[in-house]
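Participant: Quick one, entry12.tsv (TSV, C-alpha atoms):
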chain	number	residue	atom	x	y	z
A	599	MET	CA	-25.40	-12.70	-7.74
A	600	THR	CA	-22.56	-11.72	-10.10
A	601	VAL	CA	-19.19	-10.34	-9.12
A	602	TRP	CA	-20.38	-6.86	-10.13
A	603	ASP	CA	-23.23	-6.70	-7.62
A	604	ASP	CA	-21.05	-5.25	-4.83
A	605	LEU	CA	-19.86	-2.33	-6.96
A	606	VAL	CA	-22.10	0.43	-5.67
A	607	GLY	CA	-22.82	3.24	-8.12
A	608	GLN	CA	-20.23	2.10	-10.68
A	609	GLU	CA	-22.48	0.93	-13.51
A	610	LYS	CA	-20.39	2.41	-16.33
A	611	VAL	CA	-17.14	0.92	-15.03
A	612	SER	CA	-18.84	-2.46	-14.49
A	613	GLU	CA	-19.99	-2.48	-18.13
A	614	GLN	CA	-16.46	-1.75	-19.38
A	615	LEU	CA	-14.91	-4.46	-17.23
A	616	ALA	CA	-17.58	-7.00	-18.14
A	617	ALA	CA	-16.85	-6.40	-21.83
A	618	ALA	CA	-13.10	-6.80	-21.22
A	619	ALA	CA	-13.73	-10.03	-19.27
A	620	ARG	CA	-15.76	-11.43	-22.18
A	621	ASP	CA	-12.93	-10.66	-24.61
A	622	ALA	CA	-10.38	-12.15	-22.22
A	623	ASP	CA	-12.48	-15.30	-21.93
A	624	ALA	CA	-12.68	-15.56	-25.72
A	625	PHE	CA	-8.90	-15.15	-25.97
A	626	VAL	CA	-8.17	-17.97	-23.48
A	627	THR	CA	-10.81	-20.25	-25.01
A	628	ALA	CA	-9.47	-19.73	-28.53
A	629	ALA	CA	-5.87	-20.26	-27.39
A	630	ALA	CA	-6.79	-23.52	-25.64
A	631	ALA	CA	-8.53	-24.80	-28.77
A	632	ASP	CA	-5.73	-23.63	-31.11
A	633	GLY	CA	-8.33	-21.54	-32.88
A	634	PRO	CA	-7.99	-18.03	-34.36
A	635	LEU	CA	-7.46	-15.34	-31.72
A	636	PRO	CA	-9.87	-12.37	-31.59
A	637	GLU	CA	-8.59	-9.44	-33.65
A	638	ALA	CA	-10.07	-6.59	-31.64
A	639	SER	CA	-10.24	-6.74	-27.88
A	640	LYS	CA	-11.26	-4.55	-24.97
A	641	MET	CA	-8.83	-6.53	-22.80
A	642	THR	CA	-5.30	-5.38	-21.99
A	643	HIS	CA	-2.47	-6.59	-19.75
A	644	ALA	CA	-2.39	-3.66	-17.26
A	645	TRP	CA	-5.17	-1.66	-15.61
A	646	LEU	CA	-5.12	1.35	-13.30
A	647	PHE	CA	-8.15	1.85	-11.05
A	648	THR	CA	-8.48	5.21	-9.33
A	649	GLY	CA	-11.14	6.89	-7.27
A	650	PRO	CA	-11.85	8.70	-4.00
A	651	PRO	CA	-11.78	6.84	-0.66
A	652	GLY	CA	-14.80	4.61	-0.27
A	653	ALA	CA	-15.59	4.36	-3.96
A	654	GLY	CA	-14.61	0.68	-3.96
A	655	VAL	CA	-11.42	0.82	-6.03
A	656	THR	CA	-9.91	-2.37	-4.63
A	657	GLN	CA	-13.26	-4.18	-4.64
A	658	THR	CA	-13.68	-3.29	-8.32
A	659	ALA	CA	-10.23	-4.64	-9.18
A	660	ARG	CA	-10.91	-7.84	-7.25
A	661	ALA	CA	-14.28	-8.31	-8.95
A	662	PHE	CA	-12.53	-7.98	-12.32
A	663	ALA	CA	-9.93	-10.55	-11.21
A	664	ALA	CA	-12.76	-12.92	-10.30
A	665	ALA	CA	-14.42	-12.44	-13.69
A	666	LEU	CA	-11.13	-13.21	-15.44
A	667	GLN	CA	-10.78	-16.44	-13.43
A	668	CYS	CA	-14.44	-17.48	-13.83
A	669	VAL	CA	-14.85	-21.17	-14.73
A	670	SER	CA	-18.64	-21.37	-14.69
A	671	PRO	CA	-19.95	-23.98	-17.16
A	672	ASP	CA	-22.67	-21.48	-18.12
A	673	ARG	CA	-20.08	-19.54	-20.12
A	674	ALA	CA	-20.30	-22.22	-22.82
A	675	LEU	CA	-24.00	-21.37	-23.11
A	676	GLY	CA	-23.32	-17.69	-23.64
A	677	ALA	CA	-23.35	-16.48	-20.03
A	678	ALA	CA	-20.96	-13.65	-19.18
A	679	PRO	CA	-17.90	-14.48	-17.06
A	680	GLY	CA	-18.12	-13.37	-13.44
A	681	CYS	CA	-20.93	-15.58	-12.13
A	682	GLY	CA	-19.83	-15.08	-8.51
A	683	PHE	CA	-20.49	-18.73	-7.55
A	684	CYS	CA	-17.90	-20.92	-9.28
A	685	ASP	CA	-14.62	-21.89	-7.66
A	686	GLY	CA	-12.65	-19.39	-9.75
A	687	CYS	CA	-14.87	-16.45	-8.78
A	688	HIS	CA	-15.18	-17.44	-5.13
A	689	THR	CA	-11.48	-17.97	-4.45
A	690	ALA	CA	-10.52	-14.78	-6.29
A	691	LEU	CA	-13.02	-12.74	-4.29
A	692	VAL	CA	-11.92	-14.11	-0.89
A	693	GLY	CA	-8.22	-13.88	-1.74
A	694	THR	CA	-7.26	-17.57	-1.86
A	695	HIS	CA	-6.92	-18.14	-5.61
A	696	ALA	CA	-3.48	-19.54	-6.46
A	697	ASP	CA	-3.15	-17.28	-9.51
A	698	VAL	CA	-4.32	-14.02	-7.92
A	699	SER	CA	-1.52	-12.37	-5.94
A	700	THR	CA	-2.34	-9.33	-3.80
A	701	VAL	CA	0.24	-6.76	-2.73
A	702	ALA	CA	-0.63	-4.16	-0.09
A	703	ALA	CA	1.51	-1.71	1.84
A	704	VAL	CA	2.43	-3.17	5.22
A	705	GLY	CA	3.88	0.13	6.43
A	706	THR	CA	3.87	3.51	4.77
A	707	GLN	CA	5.55	2.17	1.61
A	708	ILE	CA	5.62	-0.91	-0.58
A	709	LEU	CA	9.28	-1.88	-0.45
A	710	ALA	CA	11.24	-3.61	-3.19
A	711	GLU	CA	11.51	-6.77	-1.07
A	712	ASP	CA	7.71	-6.79	-0.76
A	713	MET	CA	7.46	-6.94	-4.57
A	714	ARG	CA	10.36	-9.24	-5.42
A	715	ASP	CA	8.60	-12.61	-5.31
A	716	THR	CA	5.42	-11.17	-6.84
A	717	VAL	CA	7.24	-9.66	-9.82
A	718	ARG	CA	9.04	-12.98	-10.34
A	719	LYS	CA	5.70	-14.79	-10.26
A	720	SER	CA	4.23	-12.41	-12.84
A	721	PHE	CA	6.52	-13.89	-15.48
A	722	THR	CA	5.20	-17.43	-14.94
A	723	SER	CA	2.20	-19.11	-16.53
A	724	PRO	CA	-0.99	-19.59	-14.48
A	725	ALA	CA	-0.80	-22.64	-12.21
A	726	SER	CA	-4.48	-23.57	-12.39
A	727	GLY	CA	-6.44	-20.48	-13.39
A	728	ARG	CA	-7.02	-18.80	-16.70
A	729	TRP	CA	-4.77	-15.79	-15.98
A	730	GLN	CA	-1.87	-14.86	-13.70
A	731	ILE	CA	-3.20	-11.76	-11.93
A	732	ILE	CA	-1.21	-9.31	-9.79
A	733	LEU	CA	-3.37	-6.90	-7.76
A	734	VAL	CA	-1.50	-3.98	-6.14
A	735	GLU	CA	-3.85	-2.36	-3.63
A	736	ASP	CA	-1.72	0.68	-2.76
A	737	ALA	CA	0.10	1.60	-5.95
A	738	GLU	CA	0.60	5.15	-4.66
A	739	ARG	CA	2.82	3.69	-1.89
A	740	LEU	CA	5.34	2.14	-4.27
A	741	ASN	CA	8.76	3.60	-3.55
A	742	GLU	CA	11.34	4.24	-6.26
A	743	ARG	CA	12.83	0.74	-6.29
A	744	SER	CA	9.56	-1.17	-6.07
A	745	ALA	CA	7.97	1.09	-8.72
A	746	ASN	CA	10.87	0.38	-11.09
A	747	ALA	CA	10.37	-3.36	-10.55
A	748	VAL	CA	6.69	-3.02	-11.42
A	749	LEU	CA	7.54	-0.90	-14.47
A	750	LYS	CA	9.83	-3.57	-15.90
A	751	ALA	CA	7.14	-6.22	-15.39
A	752	VAL	CA	4.41	-4.08	-16.98
A	753	GLU	CA	6.62	-3.16	-19.95
A	754	GLU	CA	7.22	-6.77	-20.95
A	755	PRO	CA	4.47	-8.91	-19.39
A	756	ALA	CA	3.98	-12.61	-19.85
A	757	PRO	CA	1.20	-13.48	-22.36
A	758	ARG	CA	-1.28	-14.55	-19.69
A	759	THR	CA	-0.41	-12.03	-16.94
A	760	VAL	CA	-2.65	-9.11	-15.93
A	761	TRP	CA	-1.62	-6.27	-13.60
A	762	LEU	CA	-4.36	-4.46	-11.63
A	763	LEU	CA	-3.10	-1.31	-9.89
A	764	CYS	CA	-5.20	0.69	-7.42
A	765	ALA	CA	-4.54	4.29	-6.37
A	766	PRO	CA	-6.49	7.38	-5.23
A	767	SER	CA	-5.70	9.33	-8.42
A	768	ILE	CA	-3.77	8.93	-11.65
A	769	GLU	CA	-1.23	11.53	-10.46
A	770	ASP	CA	-0.26	9.21	-7.57
A	771	VAL	CA	1.29	6.73	-10.01
A	772	LEU	CA	4.52	7.21	-11.95
A	773	PRO	CA	3.86	8.53	-15.49
A	774	THR	CA	5.94	5.68	-16.95
A	775	ILE	CA	3.68	3.12	-15.27
A	776	ARG	CA	0.31	4.78	-15.87
A	777	SER	CA	1.12	5.30	-19.57
A	778	ARG	CA	1.20	1.51	-19.95
A	779	CYS	CA	-2.14	0.95	-18.17
A	780	ARG	CA	-5.76	1.35	-19.18
A	781	HIS	CA	-7.21	3.85	-16.72
A	782	LEU	CA	-10.65	3.56	-15.12
A	783	ASN	CA	-11.79	6.26	-12.69
A	784	LEU	CA	-14.50	5.43	-10.17
A	785	ARG	CA	-16.81	8.06	-8.72
A	786	THR	CA	-18.13	8.48	-5.20
A	787	PRO	CA	-21.42	6.56	-4.95
A	788	SER	CA	-24.50	8.60	-4.16
A	789	VAL	CA	-25.89	8.51	-0.63
A	790	ASP	CA	-29.06	6.87	-1.92
A	791	ALA	CA	-27.08	4.12	-3.69
A	792	VAL	CA	-25.11	3.31	-0.53
A	793	ALA	CA	-28.26	3.28	1.61
A	794	ASP	CA	-29.99	0.98	-0.87
A	795	MET	CA	-27.02	-1.42	-0.77
A	796	LEU	CA	-27.11	-1.55	3.03
A	797	VAL	CA	-30.80	-2.37	3.03
A	798	ARG	CA	-30.53	-5.05	0.32
A	799	ARG	CA	-27.22	-6.68	1.22
A	800	GLU	CA	-26.92	-6.18	4.97
A	801	GLY	CA	-30.57	-6.11	6.06
A	802	ILE	CA	-30.18	-2.69	7.72
A	803	GLU	CA	-33.31	-0.71	8.58
A	804	PRO	CA	-33.93	1.98	5.92
A	805	ASP	CA	-33.72	4.93	8.32
A	806	VAL	CA	-30.45	3.67	9.84
A	807	ALA	CA	-29.02	2.95	6.38
A	808	ALA	CA	-29.90	6.46	5.20
A	809	ALA	CA	-28.33	8.03	8.30
A	810	VAL	CA	-24.98	6.21	8.05
A	811	ALA	CA	-24.80	6.68	4.27
A	812	ARG	CA	-25.32	10.41	4.75
A	813	ALA	CA	-22.81	10.54	7.62
A	814	THR	CA	-20.09	8.86	5.55
A	815	GLN	CA	-20.92	10.80	2.36
A	816	GLY	CA	-20.96	7.75	0.10
A	817	HIS	CA	-17.99	5.87	1.61
A	818	VAL	CA	-19.21	2.28	1.16
A	819	ASP	CA	-16.93	0.47	3.62
A	820	ARG	CA	-17.32	3.03	6.40
A	821	ALA	CA	-21.09	3.09	5.95
A	822	ARG	CA	-21.23	-0.72	6.22
A	823	ARG	CA	-19.04	-0.66	9.31
A	824	LEU	CA	-21.06	2.06	11.04
A	825	ALA	CA	-24.29	0.23	10.27
A	826	THR	CA	-23.10	-3.13	11.60
A	827	ASP	CA	-20.51	-2.35	14.31
A	828	PRO	CA	-21.66	-0.61	17.53
A	829	ALA	CA	-18.04	-0.02	18.58
A	830	ALA	CA	-17.41	1.92	15.37
A	831	ARG	CA	-20.44	4.10	16.08
A	832	ASP	CA	-19.19	4.75	19.61
A	833	ARG	CA	-15.72	5.76	18.36
A	834	ARG	CA	-17.20	8.12	15.81
A	835	ALA	CA	-19.49	9.70	18.42
A	836	ALA	CA	-16.47	10.30	20.66
A	837	VAL	CA	-14.57	11.97	17.81
A	838	LEU	CA	-17.48	14.30	17.04
A	839	LYS	CA	-17.52	15.48	20.67
A	840	LEU	CA	-13.91	16.67	20.41
A	841	PRO	CA	-14.72	20.19	19.05
A	842	LEU	CA	-16.68	20.90	22.26
A	843	ARG	CA	-13.87	19.72	24.55
A	844	ILE	CA	-11.04	22.00	23.41
A	845	GLU	CA	-12.08	25.28	25.00
A	846	ASP	CA	-8.86	25.47	27.07
A	847	VAL	CA	-5.29	24.27	26.60
A	848	GLY	CA	-5.67	21.37	29.01
A	849	GLY	CA	-8.79	20.15	27.24
A	850	ALA	CA	-7.10	20.37	23.84
A	851	LEU	CA	-4.06	18.36	24.96
A	852	LYS	CA	-6.21	15.78	26.72
A	853	ALA	CA	-8.41	15.34	23.64
A	854	ALA	CA	-5.30	14.81	21.51
A	855	GLN	CA	-3.96	12.16	23.87
A	856	GLU	CA	-7.28	10.31	23.92
A	857	LEU	CA	-7.50	10.38	20.12
A	858	VAL	CA	-4.00	8.90	19.75
A	859	ASP	CA	-4.64	6.34	22.50
A	860	ALA	CA	-7.83	5.17	20.77
A	861	ALA	CA	-5.94	4.71	17.49
A	862	SER	CA	-3.17	2.81	19.30
A	863	GLU	CA	-5.72	0.52	20.92
A	864	ASP	CA	-7.28	-0.25	17.54
A	865	ALA	CA	-3.84	-1.12	16.16
A	866	LYS	CA	-3.03	-3.24	19.21
A	867	GLN	CA	-6.25	-5.26	18.98
A	868	LEU	CA	-5.67	-6.00	15.30
A	869	ALA	CA	-2.00	-6.86	15.93
A	870	GLU	CA	-2.75	-9.27	18.77
A	871	GLU	CA	-5.01	-11.31	16.51
A	872	MET	CA	-2.86	-11.29	13.38
A	873	ASP	CA	0.65	-11.34	14.88
A	874	ALA	CA	0.12	-14.39	17.05
A	875	LYS	CA	-1.38	-16.38	14.16
A	876	GLU	CA	1.40	-15.39	11.74
A	877	THR	CA	4.13	-16.18	14.27
A	878	GLU	CA	2.77	-19.64	15.02
A	879	GLU	CA	2.29	-20.42	11.33
A	880	LEU	CA	5.85	-19.36	10.53
A	881	LYS	CA	7.30	-21.38	13.42
A	882	ALA	CA	5.42	-24.44	12.22
A	883	ALA	CA	6.66	-23.87	8.66
A	884	LEU	CA	10.23	-23.62	9.96
A	885	GLY	CA	9.88	-26.94	11.78
A	886	ALA	CA	9.73	-25.74	15.38
A	887	ALA	CA	7.88	-28.05	17.74
A	888	GLN	CA	4.94	-26.51	19.59
A	889	GLY	CA	6.38	-24.53	22.47
A	890	GLY	CA	9.92	-25.59	21.47
A	891	ARG	CA	12.97	-23.75	20.18
A	892	LEU	CA	13.42	-22.68	16.59
A	893	PRO	CA	15.85	-24.65	14.41
A	894	ARG	CA	19.33	-23.19	14.05
A	895	GLY	CA	19.67	-20.50	11.38
A	896	THR	CA	16.02	-19.36	11.35
A	897	ALA	CA	16.31	-16.36	13.70
A	898	GLY	CA	16.69	-13.98	10.75
A	899	VAL	CA	13.38	-15.09	9.27
A	900	MET	CA	11.61	-14.42	12.57
A	901	ASN	CA	13.26	-11.00	12.81
A	902	ASP	CA	11.96	-10.13	9.34
A	903	LEU	CA	8.44	-11.09	10.41
A	904	GLU	CA	8.68	-8.94	13.54
A	905	LYS	CA	9.84	-5.95	11.49
A	906	MET	CA	6.93	-6.41	9.08
A	907	GLN	CA	4.46	-6.63	11.96
A	908	LYS	CA	5.87	-3.44	13.49
A	909	ARG	CA	5.45	-1.61	10.18
A	910	ARG	CA	1.87	-2.86	9.95
A	911	ARG	CA	1.04	-1.68	13.48
A	912	THR	CA	2.34	1.79	12.62
A	913	ARG	CA	0.21	1.95	9.50
A	914	THR	CA	-2.88	0.64	11.29
A	915	GLN	CA	-2.57	3.34	13.94
A	916	ARG	CA	-2.25	6.04	11.31
A	917	ASP	CA	-5.14	4.65	9.28
A	918	SER	CA	-7.29	4.80	12.42
A	919	LEU	CA	-6.21	8.40	13.04
A	920	ASP	CA	-6.95	9.27	9.42
A	921	LEU	CA	-10.48	7.92	9.82
A	922	ALA	CA	-11.00	10.15	12.88
A	923	LEU	CA	-9.63	13.16	10.96
A	924	THR	CA	-12.06	12.43	8.12
A	925	ASP	CA	-14.96	12.52	10.59
A	926	LEU	CA	-13.67	15.81	12.06
A	927	THR	CA	-13.39	17.35	8.60
A	928	GLY	CA	-16.97	16.39	7.87
A	929	PHE	CA	-18.09	17.92	11.17
A	930	TYR	CA	-16.50	21.29	10.44
A	931	ARG	CA	-17.77	21.18	6.87
A	932	ASP	CA	-21.27	20.96	8.33
A	933	VAL	CA	-20.50	23.91	10.63
A	934	LEU	CA	-19.43	25.91	7.59
A	935	ALA	CA	-22.62	24.94	5.72
A	936	LEU	CA	-24.74	26.29	8.59
A	937	GLN	CA	-22.70	29.49	8.75
A	938	LEU	CA	-23.29	30.03	5.05
A	939	GLY	CA	-27.01	29.42	5.38
A	940	SER	CA	-27.23	25.92	3.88
A	941	ARG	CA	-28.84	22.95	5.62
A	942	VAL	CA	-29.16	20.64	2.63
A	943	ALA	CA	-25.60	19.24	2.72
A	944	ILE	CA	-25.40	18.47	6.47
A	945	ALA	CA	-24.01	14.97	6.96
A	946	ASN	CA	-23.94	14.78	10.77
A	947	ALA	CA	-27.59	15.40	11.49
A	948	ASP	CA	-27.27	13.47	14.78
A	949	SER	CA	-24.92	16.23	16.08
A	950	GLU	CA	-27.07	19.17	15.00
A	951	ASP	CA	-27.08	20.87	18.41
A	952	ALA	CA	-23.27	20.91	18.57
A	953	LEU	CA	-23.06	22.07	14.96
A	954	GLU	CA	-25.37	25.00	15.57
A	955	ARG	CA	-23.54	25.96	18.77
A	956	LEU	CA	-20.20	26.14	16.98
A	957	ALA	CA	-21.73	27.86	13.94
A	958	ARG	CA	-23.12	30.64	16.18
A	959	GLY	CA	-19.90	30.99	18.17
A	960	SER	CA	-17.43	31.36	15.30
A	961	SER	CA	-17.02	32.79	11.81
A	962	PRO	CA	-16.76	31.01	8.45
A	963	GLU	CA	-13.13	32.16	8.26
A	964	SER	CA	-12.24	30.45	11.53
A	965	THR	CA	-14.04	27.28	10.41
A	966	LEU	CA	-11.97	27.21	7.22
A	967	ARG	CA	-8.80	27.63	9.29
A	968	ARG	CA	-9.86	24.66	11.41
A	969	ILE	CA	-10.42	22.51	8.32
A	970	GLU	CA	-6.95	23.54	7.13
A	971	ALA	CA	-5.50	22.54	10.53
A	972	ILE	CA	-6.93	19.03	10.10
A	973	ALA	CA	-5.43	18.82	6.62
A	974	ALA	CA	-2.06	19.95	8.03
A	975	CYS	CA	-2.25	17.18	10.64
A	976	ARG	CA	-2.79	14.62	7.89
A	977	ASP	CA	0.20	15.97	5.99
A	978	ALA	CA	2.33	15.77	9.13
A	979	LEU	CA	1.34	12.14	9.69
A	980	ASP	CA	2.25	11.36	6.06
A	981	ARG	CA	5.70	12.85	6.75
A	982	ASN	CA	6.09	10.48	9.73
A	983	VAL	CA	5.73	13.15	12.41
A	984	ALA	CA	5.07	11.54	15.80
A	985	PRO	CA	1.27	11.06	15.99
A	986	LEU	CA	0.85	12.73	19.39
A	987	LEU	CA	2.79	15.84	18.31
A	988	ALA	CA	0.80	16.13	15.08
A	989	VAL	CA	-2.57	15.72	16.81
A	990	GLU	CA	-1.67	18.09	19.65
A	991	ALA	CA	-0.73	20.76	17.11
A	992	MET	CA	-4.08	20.18	15.43
A	993	THR	CA	-6.20	20.41	18.59
A	994	MET	CA	-4.41	23.61	19.65
A	995	ALA	CA	-5.11	25.07	16.20
A	996	LEU	CA	-8.76	23.98	16.43
A	997	ARG	CA	-9.00	25.74	19.80
A	998	ALA	CA	-7.48	28.95	18.41
A	999	GLY	CA	-9.78	28.97	15.40
Kindly transcribe the structure held in the file into C-alpha cells.
Facilitator:
Amino acid sequence: MTVWDDLVGQEKVSEQLAAAARDADAFVTAAAADGPLPEASKMTHAWLFTGPPGAGVTQTARAFAAALQCVSPDRALGAAPGCGFCDGCHTALVGTHADVSTVAAVGTQILAEDMRDTVRKSFTSPASGRWQIILVEDAERLNERSANAVLKAVEEPAPRTVWLLCAPSIEDVLPTIRSRCRHLNLRTPSVDAVADMLVRREGIEPDVAAAVARATQGHVDRARRLATDPAARDRRAAVLKLPLRIEDVGGALKAAQELVDAASEDAKQLAEEMDAKETEELKAALGAAQGGRLPRGTAGVMNDLEKMQKRRRTRTQRDSLDLALTDLTGFYRDVLALQLGSRVAIANADSEDALERLARGSSPESTLRRIEAIAACRDALDRNVAPLLAVEAMTMALRAG
C-alpha cells in the first residue's frame, strides 16, 4: 500500500506528485554522492494544494511529505518513493517525523506567534530526514503578520526546505504567496469512488457505503465518520429533523438552542481529552512534581496554554456547527430538487418523507431563501457573531421561508 492509496479520486494529482517525489529523490541522492544534479525537475520548494471540503487536501499534502521522506531500500532498485511502510513514510503520515512540521489554526486565525518557531525551523537543515517540510493545514487562516512571515520564508527558502500550503481555493491565499507556489487543485471525489474506498479500506457493507457516500456528496472524511461512528449518524439524524420542528417561534428558538448545545458538547468532550493531557505534559516539562506546585516563573507559560486551549474550543464548536449547517444545506437542496421535478440528485434518501412534505408545502423561491439563510449564518459565525444569536436568526428565517 503506497502513500497515494488514500487519495480518493485524485489520480491526476497523485501522478504529478509521484513524479515530483522521484525528482526530489534524485536530487537528494545526487547531492549526497557529490554527483551532477538533475537539470530539469518537476520538484519545487513551495506547493499550494486547494480543493473543496472533503476532497482530501491535507491528506494529499501529507502523502507528498511522506513520499519526500521515504527511505525504503527498494528505491535503489528503481521503486518509486512513497512506499507507505518505511520509517520515513510512516512517521510522516502519522505526524511524528522530526522533519515534518505541521501548523494548523488553533482558533479562527493562525497568529504570528504560532508561526514563529516553525518559520525559524524552515531555515535549518533536516535533522534526520531527506527534506525539512513545513505543512500549513489552514493557509486561508493566516493573518497579516503570520502571512508576511510565511512570505519571507517562501521567498528565500533553505536548499532542502519544502513548504506545503493547504487552502479551500487559490483566492484564499495572498497573491504574493501563491505566485511563489506550484498550485494543484483537487476535485470532489465521485460518490462511487468514496463508496468503493469505504468497502475496501474500512470493510463497510456496500449498501451502507453507498448511502453515506451519497449523503455526504463525496466528502471522504465525513463519509468515513458516518459509516463507522453511530454517534455521528445520530447527530446528523437530529439535524435533519430540524426543518420539521420550526413551525412556531418557540420551536425555532428551541431548535437553535439544541443545535448550539450539541456543538458545545462536542467541543467540551474533545477539550476534556486533549486539555488534560497537554496540561500534565507541560507541567512535567516545567519540572512540577505530580500534584505539586509549579516552579516559580512558569505561570506565564501555563496561561499561554490555557489561552490556546480556549481558542481551540471556540474553533471546535464552530466547526461542529458548520458541519450541521452543511447537512441542513444538503437537505434543502434536496427539497429544491424535488420541487423542480428532479429525483436523481437526492442525497438524503433516508429522509424522503420529510423532503416530500416540505417540497409540497413550500415554493422553490422559499427554499432558495432558506438556503441563503444558512449561508448567512455561516458568514455570521465567520465574523465571530455569538453562535446562539447567529443560529437563532437562521432558524427564524427558515421558519419564515
Participant: Which residue gives the smallest distance to A:Arg911 among A:Asp736, A:Asp932, A:Asp864, A:Asp697, with all atoms listed in the file counted?
Facilitator: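 Looking only at the distances to A:Arg911, the closest residue turns out to be A:Asp864.
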Participant: Within 12 Å of A:Gly848, counting all atoms listed in the file, which residues qualify if same-chain residues fewer than 3 places away don't, as a ChimeraX atom specification?
Facilitator: /A:843-845,851-855,990,993-994,997
Participant: Take the point (-10.2, 16.0, 8.8) in the file's coordinates, draw a sphere of radius 8 Å around it, and report as an MDAnalysis selection string every protein, DNA or RNA residue with an atom inside or on it, counting all atoms listed in the file.
Facilitator: chainID A and resid 920 922:928 969 972:973 976
Participant: Using all atoms listed in the file, which residues sit within 7 Å of A:Val933 once same-chain residues fewer than 3 positions away are excluded, as a list in words?
Facilitator: Phe929, Tyr930, Leu936, Gln937, Leu953, Leu956 and Ala957 of chain A
Participant: Output C-alpha atoms for every residue in that selection, as a PDB file, in the coordinates of the input.
Facilitator:
ATOM      1  CA  PHE A 929     -18.090  17.920  11.170  1.00  0.00           C
ATOM      2  CA  TYR A 930     -16.500  21.290  10.440  1.00  0.00           C
ATOM      3  CA  LEU A 936     -24.740  26.290   8.590  1.00  0.00           C
ATOM      4  CA  GLN A 937     -22.700  29.490   8.750  1.00  0.00           C
ATOM      5  CA  LEU A 953     -23.060  22.070  14.960  1.00  0.00           C
ATOM      6  CA  LEU A 956     -20.200  26.140  16.980  1.00  0.00           C
ATOM      7  CA  ALA A 957     -21.730  27.860  13.940  1.00  0.00           C
TER       8      ALA A 957
END
Participant: What's the 10 Å shell around A:Ser699, counting all atoms listed in the file, without same-chain residues fewer than 2 positions away, as a ChimeraX atom specification?
Facilitator: /A:690,693-697,701,716-717,719-720,730-734,761
Participant: Could you check the closest approach to A:Met713 for each of A:Ala725, A:Glu738, A:Ala745, A:Arg834 and tell me which residue wins, using only C-alpha atoms?
Facilitator: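 Of all the options, A:Ala745 lies closest to A:Met713.
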Participant: Between atom CA of A:Val789 and atom CA of A:Val655, what is the distance in Å, rounded to a tenth?
Facilitator: 17.3 Å
Participant: Go ahead and find all residues with at least one atom no further than 9 Å from (-3.4, 9.6, -4.7) in the file's coordinates, using all atoms listed in the file; report them as a compact mmCIF listing (two decimals) with C-alpha atoms, in the frame of the given file.
Facilitator:
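Output below, filename result00.txt:
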# COMPACT_ATOMS: atom_id res chain seq x y z
CA THR A 648 -8.48 5.21 -9.33
CA GLY A 649 -11.14 6.89 -7.27
CA PRO A 650 -11.85 8.70 -4.00
CA ALA A 737 0.10 1.60 -5.95
CA GLU A 738 0.60 5.15 -4.66
CA ALA A 765 -4.54 4.29 -6.37
CA PRO A 766 -6.49 7.38 -5.23
CA SER A 767 -5.70 9.33 -8.42
CA ILE A 768 -3.77 8.93 -11.65
CA GLU A 769 -1.23 11.53 -10.46
CA ASP A 770 -0.26 9.21 -7.57
CA VAL A 771 1.29 6.73 -10.01
Participant: Nearest to A:Gly676 among A:Asp712, A:Asp623, A:Gly654, A:Arg799, with distances taken over only C-alpha atoms: which residue is it?
Facilitator: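 Under the stated criterion, the closest residue is A:Asp623.
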Participant: Would you mind telling me which residue in A:Ser612, A:Asn741, A:Ser961, A:Ser862 lies nearest to A:Arg916 when using all atoms listed in the file?
Facilitator: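 The closest residue to A:Arg916 is A:Ser862.
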Participant: One number please: atom CA of A:Ala995 to atom CA of A:Thr912, in Å, one decimal.
Facilitator: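 Between atom CA of A:Ala995 and atom CA of A:Thr912 the gap works out to 24.7 Å.
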Participant: Do you have the atom CA of A:Asp672-atom CA of A:Ala659 distance handy?
Facilitator: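 Between atom CA of A:Asp672 and atom CA of A:Ala659 the gap works out to 22.8 Å.
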Participant: Can you work out which one of A:Thr627, A:Arg776, A:Leu842, A:Phe721 has the shortest atom-to-atom distance to A:Gly959, counting only C-alpha atoms?
Facilitator: A:Leu842
Participant: Measuring atom to atom with all atoms listed in the file, identify which of A:Thr642, A:Gly849, A:Arg941, A:Gln608 is nearest to A:Val818.
Facilitator: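 Among the listed residues, the smallest separation from A:Val818 belongs to A:Gln608.
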Participant: Need to verify the contact set: A:Ala813, 7 Å, all atoms listed in the file, exclusion of same-chain residues closer than 3 positions in sequence. Can you return it as an MDAnalysis selection string?
Facilitator: chainID A and resid 809:810 945:946
Participant: I'd like the contact shell of A:Pro679 - 8 Å cut-off, only C-alpha atoms, skipping same-chain residues fewer than 6 positions apart - returned as a compact mmCIF listing (two decimals) with C-alpha atoms, in the frame of the given file.
Facilitator:
# COMPACT_ATOMS: atom_id res chain seq x y z
CA ALA A 616 -17.58 -7.00 -18.14
CA ALA A 619 -13.73 -10.03 -19.27
CA ARG A 620 -15.76 -11.43 -22.18
CA ASP A 623 -12.48 -15.30 -21.93
CA ALA A 665 -14.42 -12.44 -13.69
CA LEU A 666 -11.13 -13.21 -15.44
CA CYS A 668 -14.44 -17.48 -13.83
CA VAL A 669 -14.85 -21.17 -14.73
CA SER A 670 -18.64 -21.37 -14.69
CA ARG A 673 -20.08 -19.54 -20.12
